[in-house]
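J.: The following file, final.cif, comprises mmCIF, C-alpha atoms:
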```
data_target
#
loop_
_atom_site.label_atom_id
_atom_site.label_comp_id
_atom_site.auth_asym_id
_atom_site.auth_seq_id
_atom_site.Cartn_x
_atom_site.Cartn_y
_atom_site.Cartn_z
CA MET V 1228 101.16 51.64 156.25
CA ALA V 1229 104.73 52.46 157.38
CA ARG V 1230 107.31 52.70 154.60
CA LEU V 1231 111.07 52.79 155.13
CA SER V 1232 113.07 55.61 153.57
CA LEU V 1233 115.88 54.94 151.11
CA SER V 1234 118.55 55.53 153.78
CA GLN V 1235 116.80 53.15 156.19
CA VAL V 1236 116.64 50.46 153.47
CA GLU V 1237 120.34 51.10 152.80
CA GLN V 1238 121.08 50.49 156.50
CA VAL V 1239 119.33 47.12 156.30
CA THR V 1240 121.16 46.31 153.02
CA ALA V 1241 124.49 47.18 154.67
CA GLU V 1242 123.72 44.77 157.53
CA VAL V 1243 122.94 41.93 155.11
CA ARG V 1244 126.16 42.71 153.18
CA ARG V 1245 128.14 42.87 156.45
CA GLN V 1246 127.01 39.35 157.24
CA GLN V 1247 128.43 38.32 153.83
CA VAL V 1248 125.19 37.13 152.27
CA SER V 1249 125.67 37.11 148.51
CA LEU V 1250 124.11 33.93 147.11
CA GLY V 1251 121.91 34.66 144.06
CA HIS V 1252 118.87 36.73 144.99
CA LEU V 1253 119.03 35.71 148.67
CA PRO V 1254 120.30 39.18 149.71
CA ASP V 1255 117.22 40.76 148.06
CA ASP V 1256 114.98 38.21 149.81
CA LEU V 1257 116.50 38.95 153.22
CA VAL V 1258 116.61 42.75 152.82
CA ASP V 1259 112.93 42.81 151.83
CA HIS V 1260 111.99 40.39 154.63
CA LEU V 1261 113.81 42.42 157.28
CA CYS V 1262 112.37 45.69 155.93
CA CYS V 1263 108.81 44.26 155.99
CA ALA V 1264 109.29 43.07 159.59
CA ILE V 1265 110.65 46.50 160.60
CA GLU V 1266 107.71 48.24 158.90
CA ASP V 1267 105.30 45.96 160.80
CA SER V 1268 106.99 46.86 164.11
CA ILE V 1269 106.80 50.58 163.26
CA GLU V 1270 103.08 50.10 162.52
CA ARG V 1271 102.70 48.74 166.05
CA GLY V 1272 104.21 51.92 167.49
CA MET V 1273 107.99 51.29 167.64
CA ASN V 1274 110.55 53.75 166.31
CA PHE V 1275 112.88 52.69 163.48
CA SER V 1276 115.99 52.25 165.63
CA ASP V 1277 114.29 49.94 168.17
CA ALA V 1278 112.46 48.03 165.44
CA TYR V 1279 115.68 47.61 163.44
CA HIS V 1280 117.67 46.23 166.38
CA ARG V 1281 114.85 43.94 167.47
CA VAL V 1282 114.30 42.48 163.99
CA VAL V 1283 118.02 42.07 163.20
CA SER V 1284 118.72 40.32 166.52
CA GLN V 1285 115.67 38.06 166.07
CA ALA V 1286 116.80 37.14 162.55
CA GLY V 1287 120.04 35.69 163.95
CA ASP V 1288 123.01 34.72 161.80
CA LEU V 1289 122.05 35.46 158.18
CA LYS V 1290 125.19 33.74 156.88
CA GLU V 1291 123.86 30.50 158.38
CA ILE V 1292 120.74 30.85 156.19
CA GLN V 1293 123.00 31.18 153.14
CA ASN V 1294 124.98 28.09 154.18
CA ALA V 1295 121.77 26.12 154.78
CA THR V 1296 120.52 27.20 151.34
CA LEU V 1297 123.79 26.16 149.71
CA TYR V 1298 123.64 22.82 151.50
CA LEU V 1299 120.18 22.16 150.06
CA ILE V 1300 120.75 23.33 146.48
CA ASP V 1301 124.41 22.50 145.78
CA LYS V 1302 125.28 18.79 145.63
CA ASN V 1303 129.05 19.41 145.38
CA TYR V 1304 129.01 21.73 148.41
CA ARG V 1305 127.11 19.07 150.37
CA ARG V 1306 129.63 16.38 149.37
CA MET V 1307 132.63 18.57 150.20
CA LYS V 1308 131.18 19.59 153.57
CA ASN V 1309 130.67 15.94 154.49
CA THR V 1310 134.19 15.15 153.23
CA VAL V 1311 135.62 17.85 155.53
CA LYS V 1312 133.81 16.40 158.55
CA ILE V 1313 134.72 12.76 157.87
CA THR V 1314 138.36 13.24 156.73
CA GLY V 1315 139.01 15.74 159.57
CA VAL V 1316 138.06 13.14 162.19
CA ILE V 1317 139.81 10.21 160.44
CA SER V 1318 143.10 12.10 159.89
CA MET V 1319 143.21 13.35 163.48
CA ILE V 1320 142.64 9.80 164.80
CA LEU V 1321 145.35 8.41 162.48
CA ILE V 1322 147.90 11.09 163.47
CA ALA V 1323 147.15 10.68 167.20
CA LEU V 1324 147.38 6.87 167.03
CA GLY V 1325 150.47 7.03 164.82
CA THR V 1326 152.21 9.40 167.25
CA MET V 1327 151.35 7.10 170.18
CA LEU V 1328 152.69 4.04 168.34
CA ARG V 1329 155.85 5.95 167.42
CA LEU V 1330 156.40 7.01 171.04
CA MET V 1331 155.93 3.39 172.11
CA GLN V 1332 158.35 2.40 169.31
CA THR V 1333 155.78 0.00 167.87
CA THR V 1334 155.55 -0.73 164.15
CA GLY V 1335 152.86 0.90 162.06
CA GLY V 1336 153.20 4.36 163.63
CA ASN V 1337 154.96 5.89 160.62
CA LEU V 1338 152.43 4.50 158.17
CA MET V 1339 149.55 5.93 160.24
CA ILE V 1340 151.17 9.37 160.40
CA ILE V 1341 151.81 9.36 156.64
CA CYS V 1342 148.20 8.31 155.95
CA GLY V 1343 146.88 10.97 158.37
CA PHE V 1344 148.89 13.76 156.75
CA GLY V 1345 148.05 12.39 153.30
CA ILE V 1346 144.32 12.56 154.05
CA ILE V 1347 144.69 16.11 155.40
CA GLY V 1348 146.67 17.31 152.40
CA LEU V 1349 144.83 15.51 149.62
CA LEU V 1350 141.23 15.39 150.87
CA PHE V 1351 140.54 17.54 153.93
CA PHE V 1352 142.39 20.67 152.86
CA PRO V 1353 141.12 20.95 149.25
CA ALA V 1354 137.56 20.13 150.40
CA ALA V 1355 137.75 22.74 153.19
CA LEU V 1356 138.96 25.36 150.72
CA TYR V 1357 136.12 24.51 148.34
CA VAL V 1358 133.61 24.91 151.19
CA ILE V 1359 135.13 28.26 152.26
CA ARG V 1360 135.19 29.52 148.67
CA ARG V 1361 131.52 28.60 148.12
CA GLU V 1362 130.50 30.16 151.42
CA THR V 1363 132.28 33.42 150.65
CA GLN V 1364 130.69 33.44 147.18
CA GLN V 1365 133.51 35.44 145.65
CA GLN V 1366 134.13 33.48 142.48
CA ASP V 1367 136.89 35.72 141.10
CA GLN V 1368 139.35 34.94 143.90
CA VAL V 1369 140.58 31.70 142.33
CA LEU V 1370 144.25 32.72 142.52
CA ILE V 1371 143.98 33.53 146.24
CA TYR V 1372 142.44 30.14 147.03
CA LEU V 1373 144.98 28.39 144.79
CA LEU V 1374 147.73 30.05 146.86
CA ALA V 1375 146.05 28.83 150.04
CA LEU V 1376 145.78 25.30 148.64
CA THR V 1377 149.40 25.03 147.48
CA GLY V 1378 150.74 26.86 150.57
CA GLY V 1379 148.75 24.66 152.94
CA LEU V 1380 149.83 21.52 151.10
CA GLY V 1381 153.45 22.71 151.29
CA VAL V 1382 153.24 23.26 155.06
CA ILE V 1383 151.54 19.90 155.64
CA ALA V 1384 154.06 18.07 153.43
CA GLY V 1385 156.95 19.96 155.11
CA ILE V 1386 155.80 18.94 158.60
CA LEU V 1387 155.43 15.34 157.44
CA PHE V 1388 158.91 15.35 155.87
CA ARG V 1389 160.33 16.85 159.07
CA VAL V 1390 158.61 14.33 161.33
CA MET V 1391 159.78 11.45 159.15
CA HIS V 1392 163.33 12.92 158.87
CA TRP V 1393 163.08 12.89 155.07
CA PRO V 1394 165.36 15.25 153.09
CA GLY V 1395 164.04 18.55 151.69
CA ALA V 1396 161.73 19.28 154.65
CA PHE V 1397 163.03 22.81 155.16
CA ALA V 1398 162.65 23.82 151.49
CA ILE V 1399 159.07 22.49 151.29
CA LEU V 1400 158.09 24.05 154.64
CA SER V 1401 159.58 27.44 153.69
CA ALA V 1402 157.88 27.44 150.27
CA GLY V 1403 154.60 26.59 151.98
CA TYR V 1404 154.95 29.46 154.43
CA ILE V 1405 155.86 31.95 151.67
CA LEU V 1406 152.75 30.91 149.69
CA LEU V 1407 150.58 31.20 152.80
CA ALA V 1408 151.98 34.70 153.42
CA ALA V 1409 151.04 35.61 149.83
CA PHE V 1410 147.57 34.13 150.48
CA LEU V 1411 147.04 36.26 153.61
CA THR V 1412 148.13 39.42 151.77
CA GLY V 1413 145.87 38.58 148.81
CA LEU V 1414 142.96 37.93 151.15
CA LEU V 1415 143.46 41.31 152.81
CA VAL V 1416 143.55 43.13 149.47
CA SER V 1417 140.41 41.34 148.25
CA ARG V 1418 138.61 42.00 151.55
CA GLN V 1419 139.22 45.71 151.05
CA ARG V 1420 137.99 45.47 147.47
CA PHE V 1421 134.80 43.52 148.16
CA GLY V 1422 133.86 45.52 151.25
CA PRO V 1423 135.60 44.58 154.49
CA ALA V 1424 133.64 42.39 156.87
CA ILE V 1425 136.47 42.67 159.41
CA PRO V 1426 138.02 46.11 160.15
CA LYS V 1427 141.54 46.63 158.82
CA PRO V 1428 143.34 46.87 162.23
CA VAL V 1429 141.70 43.63 163.44
CA TYR V 1430 142.67 41.79 160.27
CA TRP V 1431 146.21 43.19 160.16
CA SER V 1432 146.97 42.46 163.84
CA GLY V 1433 145.64 38.89 163.45
CA ALA V 1434 147.47 38.23 160.16
CA THR V 1435 150.75 39.72 161.45
CA SER V 1436 150.63 37.79 164.74
CA MET V 1437 149.85 34.61 162.85
CA MET V 1438 152.76 35.19 160.47
CA ILE V 1439 155.18 35.90 163.36
CA SER V 1440 154.02 32.73 165.15
CA SER V 1441 154.45 30.73 161.94
CA ILE V 1442 157.98 32.08 161.41
CA GLY V 1443 158.79 31.22 165.04
CA PHE V 1444 157.42 27.73 164.48
CA LEU V 1445 159.54 27.40 161.32
CA PHE V 1446 162.64 28.55 163.26
CA LYS V 1447 161.88 26.13 166.09
CA VAL V 1448 161.38 23.16 163.78
CA ASN V 1449 164.73 23.90 162.10
CA HIS V 1450 166.52 24.57 165.43
CA TYR V 1451 167.48 28.16 164.42
CA PRO V 1452 168.45 30.63 167.18
CA GLY V 1453 165.83 33.19 168.28
CA ALA V 1454 162.83 30.91 167.76
CA ALA V 1455 161.61 31.34 171.35
CA VAL V 1456 161.62 35.16 171.12
CA ILE V 1457 159.70 35.10 167.82
CA LEU V 1458 157.13 32.63 169.21
CA ILE V 1459 156.61 34.79 172.33
CA LEU V 1460 156.23 37.92 170.15
CA GLY V 1461 153.62 36.15 168.00
CA ALA V 1462 151.66 34.97 171.06
CA ALA V 1463 151.82 38.46 172.62
CA GLY V 1464 150.55 40.07 169.41
CA MET V 1465 147.71 37.56 169.23
CA CYS V 1466 146.62 37.88 172.89
CA LEU V 1467 147.37 41.56 173.60
CA VAL V 1468 146.55 43.23 170.29
CA PHE V 1469 144.41 41.04 168.04
CA LEU V 1470 142.14 39.44 170.68
CA PRO V 1471 141.02 42.72 172.37
CA LEU V 1472 140.45 44.42 168.98
CA TRP V 1473 138.51 41.47 167.63
CA ALA V 1474 136.47 41.07 170.86
CA HIS V 1475 135.52 44.76 170.68
CA HIS V 1476 134.43 44.34 167.04
CA GLU V 1477 132.37 41.23 167.85
CA MET V 1478 130.68 42.84 170.88
CA LYS V 1479 129.83 45.92 168.85
CA TYR V 1480 128.19 44.06 165.95
CA ASN V 1481 126.80 40.90 167.53
CA LYS V 1482 125.47 42.62 170.66
CA GLY V 1483 126.63 39.83 172.93
CA VAL V 1484 128.71 36.72 173.25
CA THR V 1485 128.09 34.00 170.66
CA ALA V 1486 129.16 30.34 170.74
CA THR V 1487 131.56 31.01 167.83
CA PHE V 1488 133.17 33.81 169.82
CA ILE V 1489 133.80 31.54 172.83
CA PHE V 1490 135.06 28.75 170.55
CA PHE V 1491 137.41 31.17 168.75
CA CYS V 1492 138.78 32.59 172.05
CA VAL V 1493 139.46 29.08 173.39
CA GLY V 1494 141.10 28.18 170.06
CA ILE V 1495 143.42 31.21 170.24
CA LEU V 1496 144.33 30.42 173.85
CA TYR V 1497 145.19 26.81 172.99
CA PHE V 1498 147.20 27.91 169.95
CA ASN V 1499 149.22 30.37 172.03
CA MET V 1500 149.64 27.98 174.91
CA PHE V 1501 151.13 25.47 172.44
CA ASN V 1502 153.45 28.15 171.02
CA LEU V 1503 154.58 29.31 174.48
CA LEU V 1504 155.26 25.74 175.60
CA LEU V 1505 157.23 25.27 172.37
CA ALA V 1506 159.15 28.49 173.15
CA ILE V 1507 160.23 27.47 176.66
CA ARG V 1508 161.09 23.90 175.66
CA MET P 562 106.70 25.76 170.64
CA ALA P 563 106.16 22.07 169.76
CA TYR P 564 104.67 22.93 166.35
CA GLN P 565 108.04 24.32 165.18
CA GLU P 566 109.64 20.88 165.52
CA LEU P 567 106.71 18.99 163.98
CA ILE P 568 106.41 21.30 160.97
CA LYS P 569 109.94 20.69 159.66
CA GLY P 570 109.14 18.08 156.99
CA MET P 571 105.92 19.80 155.96
CA ILE P 572 107.23 23.23 155.00
CA LYS P 573 107.59 22.41 151.30
CA PRO P 574 103.96 21.26 150.74
CA LEU P 575 102.69 24.16 152.89
CA ILE P 576 104.55 26.69 150.71
CA LEU P 577 103.34 24.94 147.55
CA LYS P 578 99.74 25.05 148.84
CA LEU P 579 99.99 28.81 149.44
CA LEU P 580 101.57 29.39 146.04
CA GLU P 581 98.87 27.28 144.41
CA GLU P 582 96.16 29.43 145.95
CA ASN P 583 97.87 32.76 145.33
CA HIS P 584 99.27 33.67 141.94
CA ARG P 585 102.61 34.83 143.37
CA MET P 586 103.98 35.61 146.84
CA TYR P 587 107.11 37.07 148.41
CA GLY P 588 108.93 35.55 151.41
CA TYR P 589 107.53 37.78 154.14
CA GLU P 590 104.01 37.38 152.73
CA ILE P 591 104.34 33.59 153.01
CA THR P 592 105.46 33.74 156.66
CA ARG P 593 102.65 36.18 157.52
CA GLN P 594 100.02 34.02 155.85
CA VAL P 595 101.23 30.84 157.59
CA GLU P 596 101.18 32.70 160.91
CA GLU P 597 97.67 34.07 160.31
CA LEU P 598 96.22 30.77 159.09
CA SER P 599 97.69 28.90 162.09
CA GLY P 600 96.47 31.49 164.56
CA GLY P 601 100.04 32.45 165.41
CA ARG P 602 101.00 28.89 166.36
CA ILE P 603 103.33 28.28 163.40
CA ARG P 604 106.06 30.75 162.54
CA LEU P 605 108.30 30.10 159.55
CA THR P 606 111.76 31.37 160.37
CA PHE P 607 114.21 32.80 157.80
CA GLY P 608 116.31 29.68 158.13
CA ALA P 609 113.37 27.41 157.38
CA LEU P 610 111.78 29.39 154.56
CA TYR P 611 114.49 30.59 152.18
CA PRO P 612 116.51 27.38 151.78
CA VAL P 613 113.26 25.61 150.80
CA LEU P 614 112.20 28.39 148.39
CA HIS P 615 115.62 28.35 146.71
CA LYS P 616 115.56 24.56 146.51
CA LEU P 617 112.12 24.71 144.84
CA GLU P 618 113.46 27.29 142.40
CA LYS P 619 116.52 25.18 141.62
CA SER P 620 114.27 22.16 141.00
CA GLY P 621 112.17 24.18 138.54
CA ILE P 622 109.02 23.95 140.65
CA VAL P 623 108.84 27.69 141.26
CA GLU P 624 110.19 30.67 139.37
CA THR P 625 110.91 34.20 140.52
CA GLU P 626 109.98 37.69 139.40
CA THR P 627 111.60 40.80 140.82
CA GLU P 628 109.95 44.15 141.29
CA LEU P 629 110.92 47.41 142.94
CA ALA P 630 108.72 47.94 146.01
CA ASN P 631 109.15 50.47 148.84
CA ASN P 632 112.74 51.40 147.86
CA ARG P 633 113.98 47.81 147.61
CA THR P 634 113.91 44.82 145.31
CA ARG P 635 111.11 42.39 146.06
CA VAL P 636 111.39 38.79 144.86
CA TYR P 637 108.06 37.11 144.07
CA TYR P 638 107.78 33.33 143.85
CA LYS P 639 105.23 31.59 141.67
CA LEU P 640 104.64 28.03 140.49
CA THR P 641 105.95 27.07 137.06
CA ARG P 642 103.71 25.16 134.65
CA SER P 643 105.37 21.84 135.60
CA GLY P 644 105.47 22.90 139.25
CA GLN P 645 101.67 23.05 139.41
CA GLN P 646 101.39 19.27 139.04
CA THR P 647 104.24 18.75 141.56
CA ALA P 648 102.41 21.03 143.99
CA LYS P 649 99.20 18.98 143.63
CA ASP P 650 101.14 15.74 144.23
CA LYS P 651 103.00 17.10 147.29
CA ILE P 652 99.81 18.51 148.84
CA HIS P 653 98.05 15.20 148.22
CA GLU P 654 100.99 13.37 149.83
CA LEU P 655 100.75 15.59 152.91
CA GLU P 656 96.98 15.13 153.19
CA ASP P 657 97.47 11.39 152.94
CA PHE P 658 100.21 11.47 155.59
CA ILE P 659 98.00 13.47 157.97
CA ARG P 660 95.14 10.99 157.42
CA VAL P 661 97.44 8.05 158.25
CA LEU P 662 98.75 9.85 161.33
CA GLY P 663 95.15 10.41 162.43
CA GLU P 664 94.43 6.69 162.01
CA ILE P 665 97.43 5.78 164.16
CA LEU P 666 96.60 8.31 166.85
CA LEU P 667 92.92 7.35 167.03
CA ALA P 668 93.51 3.59 166.92
CA LYS P 669 92.89 1.67 170.13
CA PRO P 670 95.18 -1.20 171.19
CA GLY P 671 94.27 -4.43 169.39
CA MET P 672 92.22 -2.61 166.76
CA SER P 673 92.74 -3.82 163.17
CA HIS P 674 93.67 -1.52 160.27
CA GLY P 675 90.11 -1.63 158.84
CA LYS P 676 88.52 -0.80 162.20
CA ALA P 677 90.97 2.03 162.77
CA GLU P 678 90.14 3.42 159.34
CA SER P 679 86.42 3.34 159.93
CA PHE P 680 86.92 4.83 163.40
CA ALA P 681 88.95 7.66 161.87
CA GLY P 682 86.12 8.23 159.45
#
```
How does the structure come out when it is put into structure tokens?
T.:
Amino acid sequence: MARLSLSQVEQVTAEVRRQQVSLGHLPDDLVDHLCCAIEDSIERGMNFSDAYHRVVSQAGDLKEIQNATLYLIDKNYRRMKNTVKITGVISMILIALGTMLRLMQTTGGNLMIICGFGIIGLLFFPAALYVIRRETQQQDQVLIYLLALTGGLGVIAGILFRVMHWPGAFAILSAGYILLAAFLTGLLVSRQRFGPAIPKPVYWSGATSMMISSIGFLFKVNHYPGAAVILILGAAGMCLVFLPLWAHHEMKYNKGVTATFIFFCVGILYFNMFNLLLAIR
Amino acid sequence: MAYQELIKGMIKPLILKLLEENHRMYGYEITRQVEELSGGRIRLTFGALYPVLHKLEKSGIVETETELANNRTRVYYKLTRSGQQTAKDKIHELEDFIRVLGEILLAKPGMSHGKAESFAG
């Protein structure tokens, strides 16, 4: 009977940890399961390296197993996940319809936009944060997620105030952005502490580009000079530095192109296209 | 494989049946046994097995024991005292469901319930 050495078991454990599986004794379940499958393959004549890669690629996304487990055992998580799906769709429809009505100068547009932003800020955003926090399973990061919640609410409220031409939009928007910057920094520090799933350069380039784009957006909304240059810098950082680094990291660990990867790339392209259009406007 | 789709709602009673027959089992052992007993036609994936095992644990139907085996922690699942009755009920439910399915599949058009039952034996 083949038996994995301590270092080989550690390699499997590192893979499970890399995929951010940390719910209860699920990591122990998965490490043992993967090790047993590798030992079976070695019994059939494979070497460890081939058996390891074959078993890990066949196992697929281990984080998905954790999310499916959470969905089954945690009623609150299930409720929040459904809330995210439903309120996300409803708020987008309300904002889109409200914007159309406003453009057509028909009544009811403002009310729809306010309701849409209200649903995002009061239901969608807190529920999404709850879901993310449960999925990351790092219970002692309450302050970081509180920063994200208040910062996100500030940005959403600021945009709403700006769109509606209400006073105080700039102050709310700026406070929101400052809190979100604190959230990103806190997230980076905690990622380093709990074992980084994303390499430091990838995270830094992404976070910095996102911050530059956000500042550019803030400048543009407030009609400050230099907004276009900042927006272009943010988009360049995102496309020329972050995207290649992140793509390299994904290819290296996932051994191929996943649906999430394609979705993420398209998302980044749309985000930057929007920013560049905003810059030249 | 078509079995993978059909098995979805039956994983819980299947696991309970195996745990009823064996004192305690670990995840990989359960998948291997299901595969062997089905002649390789049914394979429980990670994604199908562990959410159900954790749900059973959360409901108090099974409990876990950990042990160090081959340089790693192995989690064994076994039925709790109250879980043994639940297991019997769930297995009975599944047997009943399979019997009803058999009746439906073997029934000929126009055949009454009683006739279908006697035909199914």
J.: Kindly give the distance, in Å, that separates atom CA of Asn1502 of chain V and atom CA of Ser1401 of chain V, rounded to a single decimal.
T.: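 Atom CA of Ser1401 of chain V lies 18.4 Å from atom CA of Asn1502 of chain V.
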J.: Taking all atoms listed in the file into account, find every residue of chain P that has an atom no more than 7 Å from chain V, and write it out as a list in words.
T.: Gly588, Tyr589, Phe607, Gly608, Tyr611, Pro612, His615, Lys616, Lys619, Asn631, Asn632, Arg633, Thr634, Arg635 and Val636 of chain P
J.: Suppose we keep C-alpha atoms; can you now write the selection as an mmCIF file, in the coordinates of the input?
T.:
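Just written: again.cif:
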```
data_model
loop_
_atom_site.group_PDB
_atom_site.id
_atom_site.type_symbol
_atom_site.label_atom_id
_atom_site.label_comp_id
_atom_site.auth_asym_id
_atom_site.auth_seq_id
_atom_site.Cartn_x
_atom_site.Cartn_y
_atom_site.Cartn_z
ATOM 1 C CA GLY P 588 108.930 35.550 151.410
ATOM 2 C CA TYR P 589 107.530 37.780 154.140
ATOM 3 C CA PHE P 607 114.210 32.800 157.800
ATOM 4 C CA GLY P 608 116.310 29.680 158.130
ATOM 5 C CA TYR P 611 114.490 30.590 152.180
ATOM 6 C CA PRO P 612 116.510 27.380 151.780
ATOM 7 C CA HIS P 615 115.620 28.350 146.710
ATOM 8 C CA LYS P 616 115.560 24.560 146.510
ATOM 9 C CA LYS P 619 116.520 25.180 141.620
ATOM 10 C CA ASN P 631 109.150 50.470 148.840
ATOM 11 C CA ASN P 632 112.740 51.400 147.860
ATOM 12 C CA ARG P 633 113.980 47.810 147.610
ATOM 13 C CA THR P 634 113.910 44.820 145.310
ATOM 14 C CA ARG P 635 111.110 42.390 146.060
ATOM 15 C CA VAL P 636 111.390 38.790 144.860
#
```
J.: Got a sec: who's within 12 Å of Phe1444 of chain V, counting all atoms listed in the file, leaving out chain neighbours fewer than 3 positions off, as a PyMOL selection string?
T.: chain V and resi 1382+1386+1397+1400-1401+1404+1437-1441+1447-1462+1498-1499+1501-1506
J.: Would you compute the distance between atom CA of Thr1435 of chain V and atom CA of Pro1471 of chain V? Give it in Å to one decimal.
T.: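 Atom-to-atom, atom CA of Thr1435 of chain V and atom CA of Pro1471 of chain V are spaced 14.9 Å apart.
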J.: Report as a VMD selection string the residues that result from applying the PyMOL selection byres ((chain P and resi 566-569) around 12) to the structure here.
T.: chain P and resid 562 to 565 570 to 576 595 599 602 to 606 608 to 610 613 655 659
J.: Determine the nearest neighbour of Gly1385 of chain V from the options V:Phe1344, V:Phe1490, V:Phe1275, V:Tyr1497, counting only C-alpha atoms.
T.: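 Residue with the minimum atom-to-atom distance to Gly1385 of chain V: V:Phe1344.
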J.: Taking the file as shown, what set of residues would the PyMOL selection byres ((chain V and resi 1470) around 10) give back, as a ChimeraX atom specification?
T.: /V:1429,1432-1433,1463-1469,1471-1476,1491-1492,1495-1496
J.: Restricting the calculation to all atoms listed in the file: of P:Leu640, P:Lys651, P:Gly663, P:Leu598, which residue gets closest to Glu582 of chain P?
T.: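 For Glu582 of chain P, the nearest of the candidates is P:Leu640.
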J.: Quick check, in Å to one decimal: how far apart do atom CA of Thr1310 of chain V and atom CA of Leu1350 of chain V lie?
T.: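 It comes out at 7.4 Å.
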J.: Axis-aligned box over every listed atom of segment 1273-1284 of chain V, padded by 5 Å per side: centre and edges in Å to one decimal, as AutoDock Vina command-line options?
T.:
```
--center_x 113.4 --center_y 47.0 --center_z 165.7 --size_x 20.7 --size_y 23.4 --size_z 15.0
```
J.: For Cys1342 of chain V, please output as an NGL selection string all residues within 9 Å (counting only C-alpha atoms; exclusion window: fewer than 4 positions along the same chain).
T.: :V and (1318 or 1321-1322 or 1337-1338 or 1346-1347)
J.: Please enumerate the residues selected by the PyMOL selection byres ((chain V and resi 1246) around 9) when evaluated against the supplied file, formatted as a CSV table (one decimal) with C-alpha atoms, in the frame of the given file.
T.:
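Below is the file that was written, out33.csv:
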```
chain,number,residue,atom,x,y,z
V,1241,ALA,CA,124.5,47.2,154.7
V,1242,GLU,CA,123.7,44.8,157.5
V,1243,VAL,CA,122.9,41.9,155.1
V,1244,ARG,CA,126.2,42.7,153.2
V,1245,ARG,CA,128.1,42.9,156.4
V,1247,GLN,CA,128.4,38.3,153.8
V,1248,VAL,CA,125.2,37.1,152.3
V,1288,ASP,CA,123.0,34.7,161.8
V,1289,LEU,CA,122.0,35.5,158.2
V,1290,LYS,CA,125.2,33.7,156.9
V,1424,ALA,CA,133.6,42.4,156.9
```
J.: Got a sec: who's within 12 Å of Met1319 of chain V, counting all atoms listed in the file, leaving out chain neighbours fewer than 3 positions off, as a PyMOL selection string?
T.: chain V and resi 1311-1316+1322-1326+1339-1347+1351
